[in-house]
file final_13.cif (mmCIF, C-alpha atoms)
data_structure
loop_
_atom_site.label_atom_id
_atom_site.label_comp_id
_atom_site.auth_asym_id
_atom_site.auth_seq_id
_atom_site.Cartn_x
_atom_site.Cartn_y
_atom_site.Cartn_z
CA MET A 23 -11.69 42.44 11.50
CA ASN A 24 -13.57 39.96 9.35
CA THR A 25 -11.66 36.64 9.32
CA MET A 26 -14.60 34.46 8.21
CA ASN A 27 -14.28 35.60 4.57
CA THR A 28 -17.94 36.49 4.35
CA GLN A 29 -19.57 39.01 2.12
CA ILE A 30 -21.97 41.49 3.62
CA SER A 31 -24.80 42.25 1.25
CA GLY A 32 -27.21 44.40 3.14
CA MET A 33 -27.99 42.33 6.23
CA LYS A 34 -27.17 38.94 4.66
CA LYS A 35 -23.89 37.10 5.11
CA TYR A 36 -22.81 34.09 3.13
CA LEU A 37 -19.73 31.93 3.10
CA LYS A 38 -17.60 31.68 -0.04
CA PHE A 39 -17.16 27.89 -0.21
CA TRP A 40 -14.84 28.09 -3.19
CA GLU A 41 -12.20 30.02 -1.23
CA TYR A 42 -11.75 27.32 1.43
CA LYS A 43 -9.74 24.32 0.24
CA ARG A 44 -10.95 22.22 3.17
CA LEU A 45 -14.56 22.82 2.22
CA LEU A 46 -13.85 21.91 -1.39
CA ARG A 47 -12.72 18.45 -0.24
CA VAL A 48 -16.02 17.79 1.54
CA ARG A 49 -18.25 15.41 -0.38
CA GLY A 50 -21.73 16.40 -1.44
CA ILE A 51 -24.70 14.15 -0.73
CA GLU A 52 -24.93 13.01 -4.37
CA ASP A 53 -21.28 11.97 -4.19
CA LEU A 54 -22.07 9.98 -1.05
CA GLU A 55 -24.94 8.19 -2.75
CA LYS A 56 -22.73 7.30 -5.74
CA GLU A 57 -20.06 6.02 -3.41
CA ILE A 58 -22.61 3.91 -1.49
CA LYS A 59 -23.77 2.32 -4.75
CA LEU A 60 -20.17 1.61 -5.75
CA LYS A 61 -19.38 0.03 -2.35
CA LEU A 62 -22.50 -2.14 -2.56
CA VAL A 63 -21.42 -3.39 -5.99
CA ASN A 64 -17.93 -4.10 -4.62
CA PHE A 65 -19.50 -5.94 -1.68
CA GLU A 66 -21.58 -8.11 -4.01
CA LEU A 67 -18.50 -8.89 -6.11
CA LEU A 68 -16.54 -9.85 -3.00
CA ILE A 69 -19.31 -12.18 -1.82
CA ASP A 70 -19.52 -13.82 -5.26
CA GLU A 71 -15.74 -14.16 -5.38
CA ALA A 72 -15.67 -15.72 -1.90
CA GLN A 73 -18.39 -18.18 -2.90
CA SER A 74 -16.44 -19.17 -6.03
CA PHE A 75 -13.31 -19.61 -3.93
CA HIS A 76 -15.19 -21.83 -1.49
CA GLU A 77 -16.51 -23.98 -4.33
CA ALA A 78 -12.99 -24.28 -5.81
CA CYS A 79 -11.65 -25.36 -2.42
CA GLN A 80 -14.14 -28.22 -2.35
CA ASP A 81 -12.22 -29.76 -5.27
CA LEU A 82 -8.90 -29.57 -3.42
CA ASN A 83 -7.73 -32.58 -1.49
CA LEU A 84 -7.66 -30.85 1.90
CA ILE A 85 -7.19 -32.81 5.09
CA TYR A 86 -9.53 -30.39 6.81
CA PRO A 87 -12.18 -28.94 4.51
CA ILE A 88 -13.53 -25.42 4.88
CA VAL A 89 -17.04 -24.34 5.70
CA ARG A 90 -18.48 -21.01 4.64
CA GLU A 91 -20.34 -18.90 7.17
CA HIS A 92 -22.31 -15.69 6.77
CA LEU A 93 -21.47 -13.17 9.48
CA LYS A 94 -24.24 -10.63 9.95
CA LEU A 95 -23.59 -6.94 9.54
CA SER A 96 -23.95 -5.69 13.09
CA ASN A 97 -23.65 -1.93 12.60
CA LYS A 98 -26.94 -0.10 13.18
CA SER A 99 -26.27 2.12 10.14
CA LEU A 100 -26.46 -1.00 7.94
CA ALA A 101 -29.80 -2.20 9.33
CA GLY A 102 -31.59 -1.19 6.12
CA LEU A 103 -29.58 -3.58 3.96
CA ASP A 104 -30.81 -7.03 2.95
CA LEU A 105 -28.87 -9.22 5.42
CA LYS A 106 -29.34 -12.31 3.27
CA LYS A 107 -27.70 -10.58 0.32
CA TYR A 108 -25.03 -8.63 2.19
CA TYR A 109 -22.88 -10.35 4.80
CA ILE A 110 -19.24 -10.75 5.71
CA PRO A 111 -17.90 -13.96 4.16
CA ASN A 112 -16.09 -16.13 6.68
CA MET A 113 -14.53 -19.45 5.73
CA ILE A 114 -12.90 -21.68 8.32
CA PHE A 115 -11.47 -25.18 8.53
CA PHE A 116 -13.39 -27.86 10.36
CA LYS A 117 -13.33 -31.54 11.21
CA ASN A 118 -16.20 -33.83 12.10
CA VAL A 119 -16.02 -35.18 15.64
CA VAL A 120 -18.06 -38.08 17.00
CA SER A 121 -18.88 -37.77 20.67
CA SER A 122 -19.05 -40.72 23.09
CA SER A 123 -22.83 -40.79 22.64
CA GLY A 124 -22.41 -41.24 18.90
CA ARG A 125 -23.51 -37.74 18.04
CA MET A 126 -21.57 -36.03 15.23
CA SER A 127 -20.56 -32.38 15.51
CA ARG A 128 -18.13 -30.01 13.83
CA LYS A 129 -14.99 -28.73 15.47
CA LYS A 130 -14.07 -25.43 13.84
CA PHE A 131 -10.53 -24.06 13.66
CA PHE A 132 -10.34 -20.27 13.82
CA LYS A 133 -6.63 -19.74 14.45
CA TRP A 134 -3.67 -21.01 12.49
CA ALA A 135 -2.10 -22.44 15.67
CA ASP A 136 -5.10 -24.77 16.05
CA ILE A 137 -4.92 -25.83 12.41
CA SER A 138 -1.18 -26.42 12.67
CA THR A 139 -1.67 -28.63 15.73
CA ALA A 140 -4.43 -30.58 13.97
CA LEU A 141 -2.16 -31.04 10.93
CA ASP A 142 0.58 -32.30 13.27
CA ASP A 143 -1.85 -34.90 14.61
CA THR A 144 -2.43 -36.22 11.07
CA ASN A 145 1.28 -36.18 10.10
CA ALA A 146 0.55 -33.82 7.22
CA SER A 147 3.26 -33.45 4.60
CA LEU A 148 4.90 -30.13 3.77
CA ASP A 149 2.81 -29.83 0.58
CA GLU A 150 -0.39 -30.38 2.54
CA ARG A 151 0.68 -27.76 5.09
CA LEU A 152 1.51 -25.24 2.37
CA LEU A 153 -1.85 -25.85 0.71
CA HIS A 154 -3.67 -25.33 4.01
CA MET A 155 -1.60 -22.20 4.69
CA LYS A 156 -2.52 -20.71 1.31
CA VAL A 157 -6.21 -21.51 1.73
CA TYR A 158 -6.24 -20.14 5.30
CA PHE A 159 -4.55 -16.91 4.23
CA ASP A 160 -7.00 -16.44 1.34
CA CYS A 161 -9.97 -17.09 3.66
CA ARG A 162 -8.71 -14.44 6.09
CA GLN A 163 -8.29 -11.98 3.21
CA TYR A 164 -11.93 -12.40 2.16
CA PHE A 165 -13.00 -11.90 5.77
CA CYS A 166 -10.86 -8.76 6.21
CA ARG A 167 -11.95 -7.25 2.91
CA GLY A 168 -15.58 -7.88 3.83
CA ARG A 169 -15.14 -6.18 7.20
CA GLN A 170 -13.42 -3.24 5.54
CA ILE A 171 -16.19 -2.72 2.98
CA ALA A 172 -18.86 -3.11 5.69
CA GLY A 173 -17.08 -0.46 7.78
CA ASP A 174 -16.86 1.90 4.83
CA LEU A 175 -20.55 1.39 4.09
CA ALA A 176 -21.49 2.03 7.72
CA GLU A 177 -19.59 5.31 7.63
CA LEU A 178 -21.22 6.38 4.36
CA PHE A 179 -24.73 5.48 5.53
CA SER A 180 -24.10 7.34 8.79
CA MET A 181 -23.07 10.48 6.90
CA LYS A 182 -26.15 10.18 4.69
CA GLU A 183 -28.37 9.86 7.77
CA ILE A 184 -26.78 12.99 9.25
CA PHE A 185 -27.46 14.91 6.04
CA ASP A 186 -31.08 13.72 5.95
CA GLU A 187 -31.50 14.68 9.61
CA ILE A 188 -30.19 18.18 8.89
CA LEU A 189 -32.67 18.57 6.03
CA LYS A 190 -35.51 17.34 8.23
CA ILE A 191 -34.68 19.68 11.11
CA GLU A 192 -34.25 22.66 8.79
CA ASN A 193 -37.39 21.68 6.87
CA LEU A 194 -35.57 21.84 3.53
CA ASP A 195 -36.02 19.91 0.32
CA ARG A 196 -32.99 18.68 -1.63
CA LYS A 197 -34.05 20.41 -4.83
CA HIS A 198 -33.81 23.80 -3.10
CA LEU A 199 -30.19 23.35 -2.02
CA PRO A 200 -27.28 24.96 -3.90
CA SER A 201 -25.20 22.69 -6.10
CA ASN A 202 -22.04 23.09 -3.99
CA ILE A 203 -23.81 21.19 -1.18
CA MET A 204 -25.20 18.49 -3.44
CA VAL A 205 -22.00 17.64 -5.36
CA LYS A 206 -18.32 18.15 -4.71
#
call {"tool": "encode", "arguments": {"input": "final_13.cif", "output": "structure tokens"}}
result
Amino acid sequence: MNTMNTQISGMKKYLKFWEYKRLLRVRGIEDLEKEIKLKLVNFELLIDEAQSFHEACQDLNLIYPIVREHLKLSNKSLAGLDLKKYYIPNMIFFKNVVSSSGRMSRKKFFKWADISTALDDTNASLDERLLHMKVYFDCRQYFCRGRQIAGDLAELFSMKEIFDEILKIENLDRKHLPSNIMVK
């Protein structure tokens, strides 16, 4: 019994892609490339938005200002990207601390519990606390959105690498592939 839904034409068998709903949901390589371009544009917009937010926060009267850091993309699938242009935006509160030797350094606050304790030490008002809470929450959102986009990009680049590896092993050129493999 033939359960693979193949057609026998002489000695050749081929799969009817259009009769398998699961296969119709699989993205083609051109769809992957379009999605990669879209994610890169979204990543650039997020980085620009985070930079604008950081600049706007400089005008706020915060007890503890924020510093912007660029976290490198560590996934090996993203190694081909320009790491100066694409990074995960991370903004954190800090305070300048003078050591006993007179050397100035920055103490960074990563967790809200640390910020809350530092605000307690300065007798911050409720309004100041609410402002710091809002800024902290927004900073964490930029960080999380950046990580999410970076993860999506790593997955897409990985799938593209797999497709290119298949073509290389099979010694095929893209232009010789059927359209149902190239696009959805």
call {"tool": "closest_residue", "arguments": {"input": "final_13.cif", "among": "A:Leu95, A:Leu100, A:Cys79, A:Gln73", "to": "Lys182 in chain A", "atoms": "all atoms listed in the file"}}
result
A:Leu100
call {"tool": "resolve_selection", "arguments": {"input": "final_13.cif", "expression": "the PyMOL selection byres ((chain A and resi 75) around 12)", "output": "count of residues only"}}
result
26
call {"tool": "atom_distance", "arguments": {"input": "final_13.cif", "atom1": "CA of Lys129 in chain A", "atom2": "CA of Lys94 in chain A"}}
result
21.1 Å
call {"tool": "closest_residue", "arguments": {"input": "final_13.cif", "among": "A:Ala172, A:Leu54, A:Ile85, A:Leu67", "to": "Leu103 in chain A", "atoms": "all atoms listed in the file"}}
result
A:Ala172
call {"tool": "closest_residue", "arguments": {"input": "final_13.cif", "among": "A:Arg167, A:Lys130, A:Leu153, A:Thr139", "to": "Ile110 in chain A", "atoms": "only C-alpha atoms"}}
result
A:Arg167
call {"tool": "residues_around", "arguments": {"input": "final_13.cif", "residues": "Ser127 in chain A", "least_positions_apart": "3", "cutoff": "10 Å", "atoms": "all atoms listed in the file", "output": "JSON, numbers by chain"}}
result
{"A": [116, 117, 118, 119, 120, 121, 124, 130]}
call {"tool": "residues_near_point", "arguments": {"input": "final_13.cif", "point": "(-7.0, -23.6, 6.6)", "cutoff": "8 Å", "atoms": "all atoms listed in the file", "output": "list in words"}}
result
Tyr86, Pro87, Ile88, Ile114, Phe115, Phe131, Trp134, Ile137, His154, Met155, Lys156, Val157, Tyr158, Phe159 and Cys161 of chain A
call {"tool": "resolve_selection", "arguments": {"input": "final_13.cif", "expression": "the PyMOL selection byres ((chain A and resi 98) around 12)", "output": "list of chain:residue names"}}
result
A:Lys94, A:Leu95, A:Ser96, A:Asn97, A:Ser99, A:Leu100, A:Ala101, A:Gly102, A:Leu103, A:Ala172, A:Gly173, A:Leu175, A:Ala176, A:Glu177, A:Phe179, A:Ser180, A:Glu183
call {"tool": "atom_distance", "arguments": {"input": "final_13.cif", "atom1": "CA of Asp104 in chain A", "atom2": "CA of Lys190 in chain A"}}
result
25.4 Å
call {"tool": "atom_distance", "arguments": {"input": "final_13.cif", "atom1": "CA of Leu62 in chain A", "atom2": "CA of Tyr108 in chain A"}}
result
8.4 Å
call {"tool": "axis_aligned_box", "arguments": {"input": "final_13.cif", "around": "range 92-101 of chain A", "padding_each_side": "4 Å", "output": "AutoDock Vina command-line options"}}
result
--center_x -25.6 --center_y -6.8 --center_z 10.0 --size_x 16.3 --size_y 25.8 --size_z 14.4
call {"tool": "closest_residue", "arguments": {"input": "final_13.cif", "among": "A:Ala135, A:Leu93, A:Leu178, A:Leu152", "to": "Ile58 in chain A", "atoms": "only C-alpha atoms"}}
result
A:Leu178
call {"tool": "closest_residue", "arguments": {"input": "final_13.cif", "among": "A:Met181, A:Gly168, A:Asn145, A:Asn193", "to": "Asp53 in chain A", "atoms": "all atoms listed in the file"}}
result
A:Met181
call {"tool": "decode", "arguments": {"input": "final_13.cif", "residues": "range 45-199 of chain A", "atoms": "C-alpha atoms", "output": "mmCIF file, in the first residue's frame"}}
result
data_model
loop_
_atom_site.group_PDB
_atom_site.id
_atom_site.type_symbol
_atom_site.label_atom_id
_atom_site.label_comp_id
_atom_site.auth_asym_id
_atom_site.auth_seq_id
_atom_site.Cartn_x
_atom_site.Cartn_y
_atom_site.Cartn_z
ATOM 1 C CA LEU A 45 4.593 21.041 3.935
ATOM 2 C CA LEU A 46 2.615 24.042 2.724
ATOM 3 C CA ARG A 47 3.416 25.818 6.009
ATOM 4 C CA VAL A 48 7.162 25.370 5.533
ATOM 5 C CA ARG A 49 8.876 28.574 4.456
ATOM 6 C CA GLY A 50 10.872 28.747 1.266
ATOM 7 C CA ILE A 51 14.386 30.175 1.244
ATOM 8 C CA GLU A 52 13.243 33.432 -0.396
ATOM 9 C CA ASP A 53 10.707 33.858 2.398
ATOM 10 C CA LEU A 54 13.504 33.356 4.924
ATOM 11 C CA GLU A 55 15.644 36.005 3.270
ATOM 12 C CA LYS A 56 12.741 38.481 3.280
ATOM 13 C CA GLU A 57 12.094 37.742 6.925
ATOM 14 C CA ILE A 58 15.787 38.247 7.773
ATOM 15 C CA LYS A 59 15.734 41.657 6.076
ATOM 16 C CA LEU A 60 12.571 42.603 7.971
ATOM 17 C CA LYS A 61 14.070 41.516 11.324
ATOM 18 C CA LEU A 62 17.242 43.502 10.623
ATOM 19 C CA VAL A 63 15.163 46.609 9.929
ATOM 20 C CA ASN A 64 13.211 46.014 13.148
ATOM 21 C CA PHE A 65 16.495 45.585 15.016
ATOM 22 C CA GLU A 66 17.826 48.885 13.665
ATOM 23 C CA LEU A 67 14.590 50.640 14.647
ATOM 24 C CA LEU A 68 14.790 49.190 18.152
ATOM 25 C CA ILE A 69 18.391 50.356 18.567
ATOM 26 C CA ASP A 70 17.485 53.859 17.340
ATOM 27 C CA GLU A 71 14.466 53.946 19.643
ATOM 28 C CA ALA A 72 16.582 52.839 22.619
ATOM 29 C CA GLN A 73 19.155 55.527 21.843
ATOM 30 C CA SER A 74 16.427 58.192 21.677
ATOM 31 C CA PHE A 75 15.017 56.938 24.976
ATOM 32 C CA HIS A 76 18.455 57.139 26.586
ATOM 33 C CA GLU A 77 18.914 60.706 25.356
ATOM 34 C CA ALA A 78 15.446 61.663 26.681
ATOM 35 C CA CYS A 79 16.322 60.165 30.066
ATOM 36 C CA GLN A 80 19.342 62.445 30.287
ATOM 37 C CA ASP A 81 16.922 65.385 30.536
ATOM 38 C CA LEU A 82 15.034 63.812 33.435
ATOM 39 C CA ASN A 83 16.002 64.735 36.953
ATOM 40 C CA LEU A 84 16.963 61.210 38.017
ATOM 41 C CA ILE A 85 18.749 60.567 41.284
ATOM 42 C CA TYR A 86 20.647 57.769 39.583
ATOM 43 C CA PRO A 87 21.229 58.362 35.878
ATOM 44 C CA ILE A 88 21.314 55.562 33.333
ATOM 45 C CA VAL A 89 24.191 54.449 31.182
ATOM 46 C CA ARG A 90 23.747 52.726 27.848
ATOM 47 C CA GLU A 91 25.739 49.601 27.077
ATOM 48 C CA HIS A 92 26.063 47.581 23.891
ATOM 49 C CA LEU A 93 25.809 43.857 24.558
ATOM 50 C CA LYS A 94 27.425 41.819 21.806
ATOM 51 C CA LEU A 95 25.457 39.260 19.853
ATOM 52 C CA SER A 96 27.001 36.025 21.040
ATOM 53 C CA ASN A 97 25.261 33.492 18.800
ATOM 54 C CA LYS A 98 27.595 31.955 16.208
ATOM 55 C CA SER A 99 24.866 32.231 13.547
ATOM 56 C CA LEU A 100 25.030 36.025 13.899
ATOM 57 C CA ALA A 101 28.811 36.241 13.472
ATOM 58 C CA GLY A 102 28.418 37.705 9.973
ATOM 59 C CA LEU A 103 26.573 40.788 11.205
ATOM 60 C CA ASP A 104 28.263 44.124 11.850
ATOM 61 C CA LEU A 105 28.586 44.030 15.656
ATOM 62 C CA LYS A 106 29.001 47.793 15.859
ATOM 63 C CA LYS A 107 25.689 48.316 14.096
ATOM 64 C CA TYR A 108 23.735 45.440 15.639
ATOM 65 C CA TYR A 109 23.795 44.883 19.388
ATOM 66 C CA ILE A 110 21.397 44.352 22.255
ATOM 67 C CA PRO A 111 20.658 47.699 23.917
ATOM 68 C CA ASN A 112 21.107 47.555 27.675
ATOM 69 C CA MET A 113 20.505 50.574 29.885
ATOM 70 C CA ILE A 114 21.166 50.449 33.616
ATOM 71 C CA PHE A 115 21.274 52.854 36.539
ATOM 72 C CA PHE A 116 24.614 53.805 38.030
ATOM 73 C CA LYS A 117 26.212 56.010 40.641
ATOM 74 C CA ASN A 118 29.732 57.345 40.805
ATOM 75 C CA VAL A 119 31.718 56.036 43.757
ATOM 76 C CA VAL A 120 34.994 57.465 45.026
ATOM 77 C CA SER A 121 37.295 54.885 46.547
ATOM 78 C CA SER A 122 39.571 55.533 49.549
ATOM 79 C CA SER A 123 42.464 56.127 47.136
ATOM 80 C CA GLY A 124 40.512 58.887 45.427
ATOM 81 C CA ARG A 125 39.810 56.892 42.308
ATOM 82 C CA MET A 126 36.328 57.307 40.803
ATOM 83 C CA SER A 127 34.404 54.314 39.491
ATOM 84 C CA ARG A 128 30.833 53.463 38.564
ATOM 85 C CA LYS A 129 28.618 51.217 40.612
ATOM 86 C CA LYS A 130 25.982 49.738 38.321
ATOM 87 C CA PHE A 131 22.557 48.589 39.476
ATOM 88 C CA PHE A 132 21.194 45.619 37.544
ATOM 89 C CA LYS A 133 18.284 44.560 39.756
ATOM 90 C CA TRP A 134 15.382 46.604 41.018
ATOM 91 C CA ALA A 135 16.086 45.493 44.610
ATOM 92 C CA ASP A 136 19.502 47.197 44.427
ATOM 93 C CA ILE A 137 17.993 50.369 42.968
ATOM 94 C CA SER A 138 15.273 50.397 45.614
ATOM 95 C CA THR A 139 17.864 50.090 48.392
ATOM 96 C CA ALA A 140 19.938 52.892 46.861
ATOM 97 C CA LEU A 141 16.810 55.082 46.631
ATOM 98 C CA ASP A 142 16.110 54.309 50.307
ATOM 99 C CA ASP A 143 19.594 55.550 51.164
ATOM 100 C CA THR A 144 18.847 58.901 49.485
ATOM 101 C CA ASN A 145 15.352 59.263 51.021
ATOM 102 C CA ALA A 146 13.793 59.421 47.569
ATOM 103 C CA SER A 147 10.223 60.674 47.372
ATOM 104 C CA LEU A 148 7.374 58.607 45.957
ATOM 105 C CA ASP A 149 7.467 60.608 42.703
ATOM 106 C CA GLU A 150 11.185 59.948 42.323
ATOM 107 C CA ARG A 151 10.639 56.241 42.970
ATOM 108 C CA LEU A 152 7.825 56.067 40.414
ATOM 109 C CA LEU A 153 9.978 57.832 37.844
ATOM 110 C CA HIS A 154 12.843 55.404 38.446
ATOM 111 C CA MET A 155 10.418 52.461 38.279
ATOM 112 C CA LYS A 156 9.071 53.619 34.913
ATOM 113 C CA VAL A 157 12.545 54.189 33.484
ATOM 114 C CA TYR A 158 13.789 50.825 34.805
ATOM 115 C CA PHE A 159 10.818 48.985 33.318
ATOM 116 C CA ASP A 160 11.294 50.679 29.931
ATOM 117 C CA CYS A 161 15.020 49.850 29.963
ATOM 118 C CA ARG A 162 14.249 46.185 30.628
ATOM 119 C CA GLN A 163 11.719 46.187 27.776
ATOM 120 C CA TYR A 164 14.332 47.432 25.298
ATOM 121 C CA PHE A 165 16.732 44.758 26.529
ATOM 122 C CA CYS A 166 14.133 41.965 26.254
ATOM 123 C CA ARG A 167 12.951 43.063 22.819
ATOM 124 C CA GLY A 168 16.559 43.182 21.629
ATOM 125 C CA ARG A 169 17.219 39.664 22.909
ATOM 126 C CA GLN A 170 14.040 38.415 21.267
ATOM 127 C CA ILE A 171 14.914 39.894 17.860
ATOM 128 C CA ALA A 172 18.490 38.587 18.143
ATOM 129 C CA GLY A 173 17.139 35.103 18.914
ATOM 130 C CA ASP A 174 14.765 35.239 15.958
ATOM 131 C CA LEU A 175 17.597 36.352 13.679
ATOM 132 C CA ALA A 176 19.862 33.560 14.926
ATOM 133 C CA GLU A 177 17.158 31.020 14.118
ATOM 134 C CA LEU A 178 16.578 32.465 10.641
ATOM 135 C CA PHE A 179 20.300 32.610 9.813
ATOM 136 C CA SER A 180 20.694 29.038 11.058
ATOM 137 C CA MET A 181 17.901 27.836 8.759
ATOM 138 C CA LYS A 182 19.472 29.717 5.848
ATOM 139 C CA GLU A 183 22.843 28.088 6.569
ATOM 140 C CA ILE A 184 21.188 24.660 6.592
ATOM 141 C CA PHE A 185 19.573 25.357 3.217
ATOM 142 C CA ASP A 186 22.882 26.557 1.750
ATOM 143 C CA GLU A 187 24.626 23.465 3.134
ATOM 144 C CA ILE A 188 22.043 21.211 1.487
ATOM 145 C CA LEU A 189 22.578 22.952 -1.851
ATOM 146 C CA LYS A 190 26.337 22.628 -1.501
ATOM 147 C CA ILE A 191 26.233 18.928 -0.637
ATOM 148 C CA GLU A 192 23.776 18.172 -3.447
ATOM 149 C CA ASN A 193 25.765 20.381 -5.838
ATOM 150 C CA LEU A 194 22.654 22.321 -6.850
ATOM 151 C CA ASP A 195 22.157 25.903 -7.915
ATOM 152 C CA ARG A 196 19.184 27.903 -6.624
ATOM 153 C CA LYS A 197 17.956 28.769 -10.098
ATOM 154 C CA HIS A 198 17.426 25.065 -10.857
ATOM 155 C CA LEU A 199 15.144 24.464 -7.879
#
